[in-house]
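This is structure-v8.cif. It holds mmCIF, C-alpha atoms and all ligand atoms.
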```cif
data_query
loop_
_atom_site.label_atom_id
_atom_site.label_comp_id
_atom_site.auth_asym_id
_atom_site.auth_seq_id
_atom_site.Cartn_x
_atom_site.Cartn_y
_atom_site.Cartn_z
CA MET S 1395 45.03 12.79 -32.15
CA ASP S 1396 42.90 12.79 -35.31
CA ASP S 1397 39.11 12.80 -35.38
CA ASP S 1398 38.74 9.06 -35.88
CA HIS S 1399 41.08 8.27 -33.05
CA ARG S 1400 39.28 10.62 -30.75
CA ARG S 1401 35.89 9.23 -31.62
CA ARG S 1402 37.04 5.70 -30.94
CA ALA S 1403 38.70 6.75 -27.70
CA LEU S 1404 35.49 8.45 -26.64
CA VAL S 1405 33.41 5.33 -27.22
CA GLN S 1406 35.94 3.28 -25.26
CA ALA S 1407 35.82 5.86 -22.52
CA GLY S 1408 32.06 5.44 -22.33
CA ILE S 1409 32.38 1.70 -21.94
CA ALA S 1410 35.13 2.02 -19.32
CA ILE S 1411 33.15 4.53 -17.30
CA THR S 1412 29.83 2.70 -17.38
CA SER S 1413 31.38 -0.65 -16.46
CA GLU S 1414 32.63 0.73 -13.16
CA LEU S 1415 30.19 0.33 -10.29
CA SER S 1416 31.75 2.26 -7.46
CA LEU S 1417 31.52 5.99 -7.73
CA ASP S 1418 35.17 6.54 -6.82
CA ALA S 1419 36.30 4.22 -9.58
CA VAL S 1420 34.03 6.02 -12.06
CA LEU S 1421 35.46 9.41 -11.16
CA GLN S 1422 39.06 8.19 -11.26
CA THR S 1423 38.56 6.64 -14.69
CA LEU S 1424 36.83 9.76 -15.90
CA VAL S 1425 39.63 12.19 -15.03
CA ARG S 1426 42.27 9.93 -16.55
CA ILE S 1427 40.41 9.58 -19.85
CA ALA S 1428 39.66 13.30 -20.02
CA ALA S 1429 43.38 14.05 -19.74
CA GLU S 1430 44.29 11.47 -22.35
CA LEU S 1431 41.76 12.71 -24.89
CA THR S 1432 42.73 16.36 -24.65
CA GLY S 1433 46.46 16.06 -24.01
CA ALA S 1434 46.10 17.76 -20.63
CA ARG S 1435 48.95 17.21 -18.21
CA TYR S 1436 46.64 17.51 -15.21
CA SER S 1437 42.99 16.76 -14.73
CA ALA S 1438 40.67 16.73 -11.76
CA LEU S 1439 37.05 16.36 -10.79
CA GLY S 1440 35.57 18.35 -7.98
CA VAL S 1441 32.31 17.15 -6.42
CA ILE S 1442 30.03 19.97 -5.32
CA ASP S 1443 28.45 19.75 -1.85
CA ARG S 1444 24.71 19.72 -1.20
CA SER S 1445 24.45 23.43 -0.61
CA GLY S 1446 25.97 23.93 -4.08
CA THR S 1447 28.63 26.34 -2.85
CA SER S 1448 31.84 24.40 -2.29
CA LEU S 1449 33.75 21.24 -3.11
CA VAL S 1450 33.56 18.13 -0.96
CA ARG S 1451 35.74 15.80 -2.99
CA PHE S 1452 38.58 16.33 -5.39
CA VAL S 1453 39.80 13.46 -7.59
CA THR S 1454 43.01 14.19 -9.48
CA HIS S 1455 45.10 12.78 -12.28
CA GLY S 1456 48.67 13.74 -13.20
CA LEU S 1457 49.76 14.73 -9.69
CA ASP S 1458 51.93 12.19 -7.88
CA ASP S 1459 51.29 11.48 -4.22
CA ALA S 1460 54.24 13.58 -3.04
CA THR S 1461 53.03 16.63 -4.99
CA ARG S 1462 49.49 16.16 -3.75
CA ALA S 1463 50.74 15.96 -0.18
CA ALA S 1464 52.94 19.04 -0.66
CA ILE S 1465 49.99 21.10 -1.93
CA GLY S 1466 48.15 20.26 1.26
CA ASP S 1467 44.42 20.87 1.67
CA LEU S 1468 42.11 20.21 -1.24
CA PRO S 1469 40.66 23.26 -2.95
CA THR S 1470 37.33 24.29 -1.53
CA GLY S 1471 36.11 26.10 -4.62
CA ARG S 1472 37.28 29.67 -4.58
CA GLY S 1473 38.72 31.62 -7.51
CA ILE S 1474 38.38 30.08 -10.95
CA LEU S 1475 36.94 26.82 -9.57
CA GLY S 1476 34.33 28.90 -7.77
CA VAL S 1477 33.33 30.56 -11.03
CA LEU S 1478 32.39 27.15 -12.45
CA ILE S 1479 30.51 26.16 -9.32
CA HIS S 1480 28.30 29.23 -9.43
CA ASP S 1481 27.90 29.33 -13.19
CA ALA S 1482 27.64 25.78 -14.56
CA ARG S 1483 28.96 26.47 -18.06
CA PRO S 1484 32.16 25.40 -19.82
CA LEU S 1485 35.04 27.78 -19.18
CA ARG S 1486 38.17 27.91 -21.35
CA LEU S 1487 41.18 30.07 -20.45
CA ASP S 1488 44.59 30.37 -22.10
CA ASP S 1489 46.17 31.46 -18.83
CA LEU S 1490 44.15 31.12 -15.66
CA THR S 1491 46.79 32.94 -13.59
CA ARG S 1492 46.10 36.12 -15.59
CA ASP S 1493 42.35 35.98 -15.07
CA PRO S 1494 41.14 38.69 -12.67
CA ARG S 1495 38.95 36.11 -10.84
CA SER S 1496 41.96 33.92 -10.00
CA VAL S 1497 43.00 33.85 -6.33
CA GLY S 1498 46.37 32.24 -7.05
CA PHE S 1499 47.75 28.83 -6.15
CA PRO S 1500 48.85 27.60 -2.72
CA PRO S 1501 52.62 27.11 -2.21
CA ASN S 1502 54.09 23.95 -3.81
CA HIS S 1503 51.33 23.85 -6.43
CA PRO S 1504 52.77 22.99 -9.87
CA PRO S 1505 52.43 25.85 -12.37
CA MET S 1506 49.26 25.67 -14.47
CA HIS S 1507 48.24 28.04 -17.24
CA SER S 1508 45.89 26.71 -19.90
CA PHE S 1509 42.58 25.64 -18.38
CA LEU S 1510 39.34 24.00 -19.41
CA GLY S 1511 36.47 23.42 -17.00
CA VAL S 1512 33.19 21.64 -17.81
CA PRO S 1513 30.25 20.94 -15.48
CA VAL S 1514 29.01 17.39 -14.90
CA MET S 1515 25.23 17.66 -14.76
CA THR S 1516 22.93 14.94 -13.41
CA ARG S 1517 19.18 15.58 -13.64
CA GLY S 1518 19.74 19.26 -14.24
CA ILE S 1519 21.84 19.65 -11.11
CA ALA S 1520 25.59 20.27 -11.22
CA PHE S 1521 27.15 17.24 -9.54
CA GLY S 1522 30.65 18.59 -10.03
CA ASN S 1523 33.12 19.96 -12.51
CA LEU S 1524 35.74 18.40 -14.67
CA TYR S 1525 38.94 20.46 -14.81
CA LEU S 1526 41.83 20.13 -17.25
CA ALA S 1527 45.06 22.10 -17.17
CA GLU S 1528 48.36 22.44 -19.04
CA LYS S 1529 47.56 21.24 -22.53
CA GLN S 1530 50.58 19.50 -24.13
CA PRO S 1531 52.25 20.65 -26.26
CA ALA S 1532 51.83 24.18 -24.98
CA GLY S 1533 48.93 26.25 -26.27
CA GLY S 1534 45.36 26.62 -25.10
CA PHE S 1535 42.60 24.04 -25.12
CA THR S 1536 40.57 24.10 -28.32
CA GLU S 1537 36.88 24.26 -29.02
CA GLU S 1538 37.13 20.63 -30.02
CA ASP S 1539 38.60 19.76 -26.62
CA GLU S 1540 35.65 21.49 -25.04
CA GLU S 1541 33.22 19.46 -27.16
CA ILE S 1542 34.90 16.19 -26.28
CA VAL S 1543 35.03 16.91 -22.58
CA THR S 1544 31.36 17.97 -22.65
CA LEU S 1545 30.46 14.59 -24.19
CA LEU S 1546 32.58 12.83 -21.61
CA ALA S 1547 30.88 14.76 -18.83
CA ALA S 1548 27.49 13.62 -20.14
CA GLN S 1549 28.61 9.99 -20.08
CA ALA S 1550 30.00 10.48 -16.62
CA ALA S 1551 26.66 11.83 -15.46
CA VAL S 1552 24.98 8.58 -16.56
CA ALA S 1553 27.64 6.54 -14.78
CA ILE S 1554 27.22 8.61 -11.62
CA GLU S 1555 23.49 7.96 -11.68
CA ASN S 1556 24.12 4.24 -12.18
CA ALA S 1557 26.42 4.13 -9.17
CA GLY S 1558 23.65 5.82 -7.19
CA SER S 1559 21.06 3.38 -8.44
CA VAL S 1560 23.02 0.43 -7.07
CA GLN S 1561 22.35 1.87 -3.62
CA ARG S 1562 18.74 2.63 -4.54
CA ASP S 1563 18.27 -1.04 -5.52
CA ALA S 1564 18.99 -2.10 -1.96
CA LEU S 1565 16.39 0.36 -0.77
CA ARG S 1566 13.85 -0.87 -3.29
CA ARG S 1567 14.30 -4.47 -2.16
CA ALA S 1568 13.79 -3.40 1.43
CA VAL S 1569 10.55 -1.68 0.46
CA GLN S 1570 9.44 -4.80 -1.41
CA ALA S 1571 10.07 -6.91 1.68
CA GLN S 1572 7.87 -4.48 3.62
CA GLU S 1573 5.19 -4.87 1.00
CA VAL S 1574 5.26 -8.67 1.36
CA GLU S 1575 4.88 -8.24 5.10
CA ARG S 1576 1.93 -5.87 4.68
CA ARG S 1577 0.23 -8.28 2.32
CA ARG S 1578 0.54 -11.03 4.92
CA LEU S 1579 -0.96 -8.79 7.59
CA ALA S 1580 -3.75 -7.72 5.24
CA ARG S 1581 -4.58 -11.35 4.54
CA GLU S 1582 -4.61 -12.13 8.23
CA LEU S 1583 -6.85 -9.15 8.94
CA HIS S 1584 -9.23 -10.20 6.21
CA ASP S 1585 -9.24 -13.93 6.93
CA GLU S 1586 -9.10 -14.05 10.72
CA THR S 1587 -10.69 -10.84 11.84
CA GLY S 1588 -13.16 -10.69 8.96
CA GLN S 1589 -14.27 -14.27 9.58
CA ALA S 1590 -14.66 -13.66 13.29
CA LEU S 1591 -16.78 -10.55 12.76
CA THR S 1592 -18.99 -12.46 10.35
CA SER S 1593 -19.51 -15.15 12.99
CA ILE S 1594 -20.35 -12.48 15.56
CA LEU S 1595 -22.93 -11.03 13.18
CA LEU S 1596 -24.54 -14.44 12.81
CA GLY S 1597 -24.45 -14.88 16.57
CA LEU S 1598 -26.33 -11.61 17.02
CA THR S 1599 -29.10 -12.93 14.79
CA ALA S 1600 -29.31 -15.96 17.05
CA VAL S 1601 -29.70 -13.67 20.08
CA GLU S 1602 -32.44 -11.68 18.34
CA ARG S 1603 -34.33 -14.80 17.39
CA ALA S 1604 -34.05 -16.48 20.78
CA GLU S 1605 -37.44 -17.37 22.11
CA THR S 1606 -36.53 -17.80 25.74
CA ALA S 1607 -34.22 -15.89 28.04
CA ALA S 1608 -32.13 -19.03 28.52
CA GLU S 1609 -31.57 -19.36 24.76
CA ALA S 1610 -30.57 -15.71 24.53
CA HIS S 1611 -28.10 -16.16 27.40
CA ALA S 1612 -26.47 -19.15 25.77
CA ALA S 1613 -26.10 -17.33 22.45
CA ALA S 1614 -24.65 -14.28 24.19
CA ALA S 1615 -22.11 -16.40 26.07
CA GLU S 1616 -20.89 -17.87 22.78
CA LEU S 1617 -20.63 -14.39 21.33
CA ARG S 1618 -18.55 -13.23 24.27
CA THR S 1619 -15.95 -15.95 23.64
CA LEU S 1620 -15.77 -14.96 19.99
CA VAL S 1621 -15.33 -11.28 20.80
CA VAL S 1622 -12.55 -12.02 23.31
CA GLU S 1623 -10.71 -14.15 20.74
CA THR S 1624 -11.08 -11.51 18.06
CA LEU S 1625 -9.84 -8.82 20.39
CA GLN S 1626 -6.73 -10.87 21.12
CA SER S 1627 -6.00 -11.45 17.48
CA VAL S 1628 -6.44 -7.75 16.67
CA ARG S 1629 -4.08 -6.84 19.52
CA ARG S 1630 -1.51 -9.32 18.26
CA LEU S 1631 -1.72 -7.88 14.75
CA ALA S 1632 -1.32 -4.37 16.12
CA VAL S 1633 1.79 -5.38 18.06
CA GLU S 1634 3.21 -7.01 14.95
CA LEU S 1635 2.59 -3.86 12.94
CA ARG S 1636 4.20 -1.57 15.44
CA PRO S 1637 5.01 -2.62 18.98
CA SER S 1638 3.84 0.27 21.15
CA ALA S 1639 6.25 -0.84 23.85
CA LEU S 1640 9.03 0.33 21.55
CA ASP S 1641 7.60 3.85 21.35
CA ASP S 1642 6.44 4.04 24.95
CA PHE S 1643 9.21 2.40 26.94
CA GLY S 1644 12.17 1.87 24.62
CA LEU S 1645 14.11 -1.00 23.19
CA GLU S 1646 14.97 -2.96 26.32
CA PRO S 1647 11.43 -3.35 27.72
CA ALA S 1648 10.11 -4.06 24.22
CA LEU S 1649 12.68 -6.83 23.75
CA ARG S 1650 11.85 -8.27 27.18
CA ARG S 1651 8.20 -8.35 26.26
CA LEU S 1652 9.06 -10.04 22.97
CA GLY S 1653 11.19 -12.61 24.78
CA GLN S 1654 8.38 -13.30 27.18
CA SER S 1655 5.81 -13.88 24.48
CA VAL S 1656 8.16 -16.26 22.67
CA ARG S 1657 8.76 -18.08 25.97
CA GLU S 1658 5.02 -18.45 26.54
CA ALA S 1659 3.96 -19.28 23.01
CA GLY S 1660 7.05 -21.00 21.61
CA GLY S 1661 8.29 -22.92 24.62
CA VAL S 1662 11.84 -21.58 24.29
CA ASP S 1663 13.59 -20.16 27.34
CA VAL S 1664 14.60 -16.70 26.13
CA GLN S 1665 17.03 -14.56 28.14
CA VAL S 1666 17.34 -10.86 27.33
CA GLU S 1667 20.41 -8.94 28.48
CA THR S 1668 21.33 -5.39 27.55
CA THR S 1669 23.84 -2.76 28.64
CA LEU S 1670 21.57 0.05 27.49
CA GLY S 1671 20.18 1.05 30.86
CA GLY S 1672 17.56 3.67 30.10
CA LEU S 1673 19.53 4.87 27.08
CA ARG S 1674 17.49 5.42 23.92
CA LEU S 1675 18.95 4.87 20.47
CA ALA S 1676 17.89 6.60 17.26
CA PRO S 1677 14.35 5.48 16.35
CA ASP S 1678 15.41 3.79 13.09
CA VAL S 1679 18.12 1.86 14.94
CA GLU S 1680 15.68 0.76 17.67
CA THR S 1681 13.14 -0.36 15.08
CA ALA S 1682 15.80 -2.26 13.14
CA VAL S 1683 17.10 -4.04 16.26
CA TYR S 1684 13.57 -4.93 17.32
CA ARG S 1685 12.59 -6.29 13.91
CA ILE S 1686 15.82 -8.26 13.58
CA VAL S 1687 15.37 -9.86 17.01
CA GLN S 1688 11.70 -10.53 16.19
CA GLU S 1689 12.59 -12.32 12.96
CA ALA S 1690 15.49 -14.18 14.58
CA LEU S 1691 13.25 -15.45 17.39
CA THR S 1692 10.60 -16.45 14.85
CA ASN S 1693 13.27 -18.55 13.15
CA VAL S 1694 14.32 -20.07 16.46
CA VAL S 1695 10.73 -21.15 17.15
CA LYS S 1696 10.11 -22.28 13.57
CA HIS S 1697 13.35 -24.01 12.67
CA ALA S 1698 15.77 -24.47 15.57
CA ASP S 1699 14.05 -26.87 17.97
CA ALA S 1700 16.03 -25.10 20.69
CA ALA S 1701 15.66 -25.23 24.46
CA ARG S 1702 17.29 -21.86 25.08
CA ALA S 1703 17.91 -18.64 23.25
CA SER S 1704 19.70 -15.51 24.38
CA ILE S 1705 19.49 -11.92 23.21
CA VAL S 1706 22.36 -9.58 24.03
CA VAL S 1707 22.31 -5.88 23.14
CA ALA S 1708 25.48 -4.00 24.03
CA ARG S 1709 26.22 -0.34 23.49
CA LYS S 1710 29.81 0.31 22.27
CA THR S 1711 31.46 3.69 21.74
CA ASP S 1712 30.14 4.24 18.25
CA SER S 1713 28.06 1.16 17.56
CA VAL S 1714 25.49 -1.13 19.03
CA LEU S 1715 26.09 -4.89 19.04
CA VAL S 1716 23.20 -7.33 18.91
CA MET S 1717 23.68 -11.07 19.39
CA ILE S 1718 20.91 -13.63 19.03
CA GLU S 1719 22.01 -17.11 19.99
CA ASP S 1720 20.20 -20.43 20.22
CA ASP S 1721 21.21 -23.99 21.15
CA GLY S 1722 19.11 -25.60 18.46
CA ARG S 1723 19.89 -27.73 15.44
CA GLY S 1724 21.68 -25.03 13.48
CA PHE S 1725 21.99 -25.07 9.71
CA ASP S 1726 24.50 -24.57 6.97
CA PRO S 1727 24.19 -20.95 5.83
CA ALA S 1728 26.32 -21.61 2.74
CA ALA S 1729 24.28 -24.60 1.57
CA ARG S 1730 20.99 -22.78 1.78
CA GLY S 1731 19.79 -21.61 -1.62
CA ASP S 1732 17.80 -18.41 -1.68
CA GLY S 1733 16.33 -19.19 1.72
CA GLY S 1734 13.42 -17.16 2.94
CA LEU S 1735 12.79 -13.47 3.12
CA GLY S 1736 13.65 -13.46 6.80
CA LEU S 1737 17.43 -13.49 6.67
CA LEU S 1738 17.42 -11.40 3.49
CA GLY S 1739 15.20 -8.78 5.09
CA MET S 1740 17.49 -8.66 8.12
CA ARG S 1741 20.51 -8.18 5.93
CA GLU S 1742 18.84 -5.35 4.04
CA ARG S 1743 17.76 -3.56 7.18
CA VAL S 1744 21.33 -3.79 8.43
CA GLU S 1745 22.83 -2.59 5.16
CA LEU S 1746 20.52 0.40 4.98
CA LEU S 1747 21.97 1.51 8.31
CA ASP S 1748 25.56 0.80 7.17
CA GLY S 1749 25.87 -2.04 9.64
CA SER S 1750 26.98 -5.64 9.35
CA LEU S 1751 25.33 -9.03 9.89
CA GLN S 1752 27.13 -12.32 10.49
CA VAL S 1753 25.42 -15.68 10.59
CA GLU S 1754 27.39 -18.24 12.55
CA ALA S 1755 25.65 -21.55 12.26
CA GLU S 1756 26.61 -25.17 11.85
CA PRO S 1757 24.34 -28.21 11.75
CA GLY S 1758 23.96 -29.57 15.28
CA ARG S 1759 25.69 -26.63 16.93
CA GLY S 1760 23.10 -23.93 17.24
CA THR S 1761 22.89 -20.59 15.51
CA THR S 1762 24.33 -17.18 16.38
CA LEU S 1763 23.50 -13.96 14.58
CA VAL S 1764 25.81 -11.03 15.22
CA VAL S 1765 24.63 -7.60 14.12
CA THR S 1766 26.60 -4.38 14.44
CA LEU S 1767 24.95 -1.04 13.73
CA PRO S 1768 26.83 2.25 13.83
CA VAL S 1769 25.37 4.90 16.18
CA GLN S 1770 26.50 8.40 17.12
N1 LIG E 1 17.83 -20.28 14.30
C1 LIG E 1 17.80 -21.16 13.27
N2 LIG E 1 17.98 -22.48 13.50
C2 LIG E 1 17.96 -23.36 12.50
N3 LIG E 1 17.77 -23.03 11.20
C3 LIG E 1 17.59 -21.73 10.91
C4 LIG E 1 17.60 -20.71 11.91
N4 LIG E 1 17.40 -19.51 11.30
C5 LIG E 1 17.28 -19.78 10.00
N5 LIG E 1 17.38 -21.10 9.73
C6 LIG E 1 17.36 -21.73 8.41
O1 LIG E 1 17.51 -20.72 7.42
C7 LIG E 1 16.41 -20.72 6.53
C8 LIG E 1 16.09 -19.31 6.08
O2 LIG E 1 15.51 -18.52 7.11
P1 LIG E 1 14.63 -17.29 6.72
O3 LIG E 1 15.42 -16.49 5.74
O4 LIG E 1 14.19 -16.61 7.95
O5 LIG E 1 13.43 -17.91 5.94
P2 LIG E 1 12.16 -18.73 6.49
O6 LIG E 1 12.13 -18.58 7.97
O7 LIG E 1 11.01 -18.08 5.81
O8 LIG E 1 12.40 -20.15 6.05
C9 LIG E 1 15.31 -21.40 7.27
O9 LIG E 1 14.39 -22.01 6.41
C10 LIG E 1 16.06 -22.41 8.12
O10 LIG E 1 16.34 -23.56 7.36
MG MG E 2 12.26 -16.77 8.92
#
```

Take the structure in the file and write it out as structure tokens.
Amino acid sequence: MDDDHRRRALVQAGIAITSELSLDAVLQTLVRIAAELTGARYSALGVIDRSGTSLVRFVTHGLDDATRAAIGDLPTGRGILGVLIHDARPLRLDDLTRDPRSVGFPPNHPPMHSFLGVPVMTRGIAFGNLYLAEKQPAGGFTEEDEEIVTLLAAQAAVAIENAGSVQRDALRRAVQAQEVERRRLARELHDETGQALTSILLGLTAVERAETAAEAHAAAAELRTLVVETLQSVRRLAVELRPSALDDFGLEPALRRLGQSVREAGGVDVQVETTLGGLRLAPDVETAVYRIVQEALTNVVKHADAARASIVVARKTDSVLVMIEDDGRGFDPAARGDGGLGLLGMRERVELLDGSLQVEAEPGRGTTLVVTLPVQ
């Protein structure tokens, strides 16, 4: 391949790599292109684990399935591959089998001699290594090959970060939703509680200026009502911020309490049923379930015009199932445009925990939300 060809191929490689969104697809594309550009018969990419000592993933090109199966276990990063893991610098060998650091191949491994390994660095940390072997026609990899693969590795690093940032976007949106919620609570604190305290302050002046005991009594009685109301609204805000029942007693009692308050305030008959017994789930799972049920019940009160709602929480072997059902007017989930933040926030909470959310609703036939969250 002449220089011009290679340069063009390299640019195309960059486009191909950066247009892939899933990390696996990026890595697979990367090893294929690296082999094509250098004439290597085999190529692979090993992903280094968090401790930085061994390989957790090994993507290959040039080995058919049968050969891969015959080789058996993936390399863990000893021998020559280990050299690259511990010393993140390009390594070029004419015959890796003759290198004193080689530990040899497992049985059924195709013969490999010429070798080129280049680290893939993201943010100064070695994410993995790109390996090429058996340059065709025979002969070692050249300095030019090394340069090209180094450039490719740099492009790959960008692609790897992009694939990571897709996941980070979901997290960022979840944080934004939290921020919206905090702003609402801040406004409520300022408007409701601030107003009430101002009124109490004025009331105190009235007590001070009262000329008779009867006047003072009347002013104090009015103040008492105001203080009681304010106390209630502060308590409600505190529960909204973080229900202490969740920390103190666990998910089931907290959900029962929630159901009861919706029954009293919203006029919907809410039944809560769980198979949890006294079992506690991971705190982030409990919080997610609580918030999802809270938002779902808010929607029932706000939109459904339902007589009854039911909450079911069931513990399965490796997941927890949450169902929120109402017999209200339902809606068409597909027809809804962007909708509110409620359903979106639920979905994001669920996705952050690798769970799933299904909305089963139809106009006139009630609404059912089914959430599944994996648990250990
Ligand atoms: N239980 C329900 N019954 C009827 N309609 C619902 C129900 N839950 C959600 N919806 C519909 O879906 C829309 C989006 O809900 P949501 O995302 O929570 O936003 P918001 O409650 O702020 O409108 C609602 O406006 C409503 O039209
Ligand atoms: Mg809502």

Excluding Tyr1525 in chain S and any residue of its chain fewer than 4 positions from it, enumerate the residues within 8 Å of it, using all atoms listed in the file, and give them as a ChimeraX atom specification.
/S:1437-1440,1509-1512

Would you kindly return, as a short mmCIF file (atom, residue, chain, number, x, y, z; two decimals) with C-alpha atoms, in the frame of the given file, each protein, DNA or RNA residue with an atom no farther than 10 Å from any atom of Leu1449 in chain S, considering only C-alpha atoms and excluding same-chain residues fewer than 3 positions away?
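out.cif, written as the output of this step:
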```cif
data_model
loop_
_atom_site.label_atom_id
_atom_site.label_comp_id
_atom_site.auth_asym_id
_atom_site.auth_seq_id
_atom_site.Cartn_x
_atom_site.Cartn_y
_atom_site.Cartn_z
CA LEU S 1439 37.05 16.36 -10.79
CA GLY S 1440 35.57 18.35 -7.98
CA VAL S 1441 32.31 17.15 -6.42
CA ILE S 1442 30.03 19.97 -5.32
CA ASP S 1443 28.45 19.75 -1.85
CA ARG S 1444 24.71 19.72 -1.20
CA SER S 1445 24.45 23.43 -0.61
CA GLY S 1446 25.97 23.93 -4.08
CA PHE S 1452 38.58 16.33 -5.39
CA LEU S 1468 42.11 20.21 -1.24
CA PRO S 1469 40.66 23.26 -2.95
CA THR S 1470 37.33 24.29 -1.53
CA GLY S 1471 36.11 26.10 -4.62
CA ARG S 1472 37.28 29.67 -4.58
CA LEU S 1475 36.94 26.82 -9.57
CA GLY S 1476 34.33 28.90 -7.77
CA ILE S 1479 30.51 26.16 -9.32
CA GLY S 1522 30.65 18.59 -10.03
CA ASN S 1523 33.12 19.96 -12.51
#
```

Shell of 9 Å around ligand LIG 1 (chain E) (only C-alpha atoms and all ligand atoms), written as a PyMOL selection string
chain S and resi 1689-1700+1718-1727+1730-1740+1753+1755-1757+1760-1763

Could I get the residues of range 1699-1751 of chain S with an atom no further than 10 Å from an atom of range 1673-1678 of chain S, each paired with its nearest atom pair and that distance in Å to one decimal, using all atoms listed in the file, sorted by chain and residue number, as CSV?
```
residue,atom,partner,partner_atom,distance
S:Arg1709,CA,S:Leu1673,CA,9.2
S:Val1714,CA,S:Leu1675,CA,9.0
S:Arg1743,CA,S:Asp1678,CA,9.7
S:Leu1747,CA,S:Asp1678,CA,8.4
```

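Pairwise distance (CA of Val1552 in chain S, CA of Leu1478 in chain S) equals 20.4 Å.
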
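Excluding Ala1550 in chain S itself and same-chain residues fewer than 5 positions from it, the residues having an atom within 10 Å of it are S:Ala1407, S:Gly1408, S:Ile1411, S:Thr1412, S:Val1420, S:Leu1421, S:Thr1423, S:Leu1424, S:Val1425, S:Val1514, S:Met1515, S:Thr1516, S:Leu1524, S:Thr1544, S:Leu1545, S:Glu1555, S:Asn1556, counting only C-alpha atoms.
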
Could you tell me how far CA of Arg1451 in chain S sits from CA of Asp1418 in chain S, in Å to one decimal place?
10.0 Å

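Going from CA of Arg1650 in chain S to CA of Val1628 in chain S covers 21.1 Å.
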
Proximity to Asp1539 in chain S - best of S:Gln1688, S:Gln1654, S:Ser1713, S:Thr1432, all atoms listed in the file:
S:Thr1432

Set up a box along x, y and z of the file covering all listed atoms of range 1523-1538 of chain S, add 5 Å on every one of the six sides, and write the centre and edge lengths in Å to one decimal, as JSON.
```
{"center_x": 42.7, "center_y": 22.5, "center_z": -21.3, "size_x": 29.1, "size_y": 18.2, "size_z": 27.5}
```

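Distance check against ligand MG 2 (chain E) using all atoms listed in the file: of S:Val1687, S:Ala1429, S:Ala1639, S:Val1601, the minimum falls on S:Val1687.
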
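The shell of residues at most 12 Å from Lys1710 in chain S, with only C-alpha atoms counted and near chain neighbours (fewer than 5 positions) removed, consists of S:Thr1668, S:Thr1669, S:Leu1670, S:Leu1675, S:Leu1715, S:Val1716, S:Thr1766, S:Leu1767, S:Pro1768, S:Val1769, S:Gln1770.
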
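Comparing S:Glu1575, S:Asp1663, S:Glu1540, S:Asp1642 by their smallest distance to ligand MG 2 (chain E), the closest is S:Glu1575 (using only C-alpha atoms and all ligand atoms).
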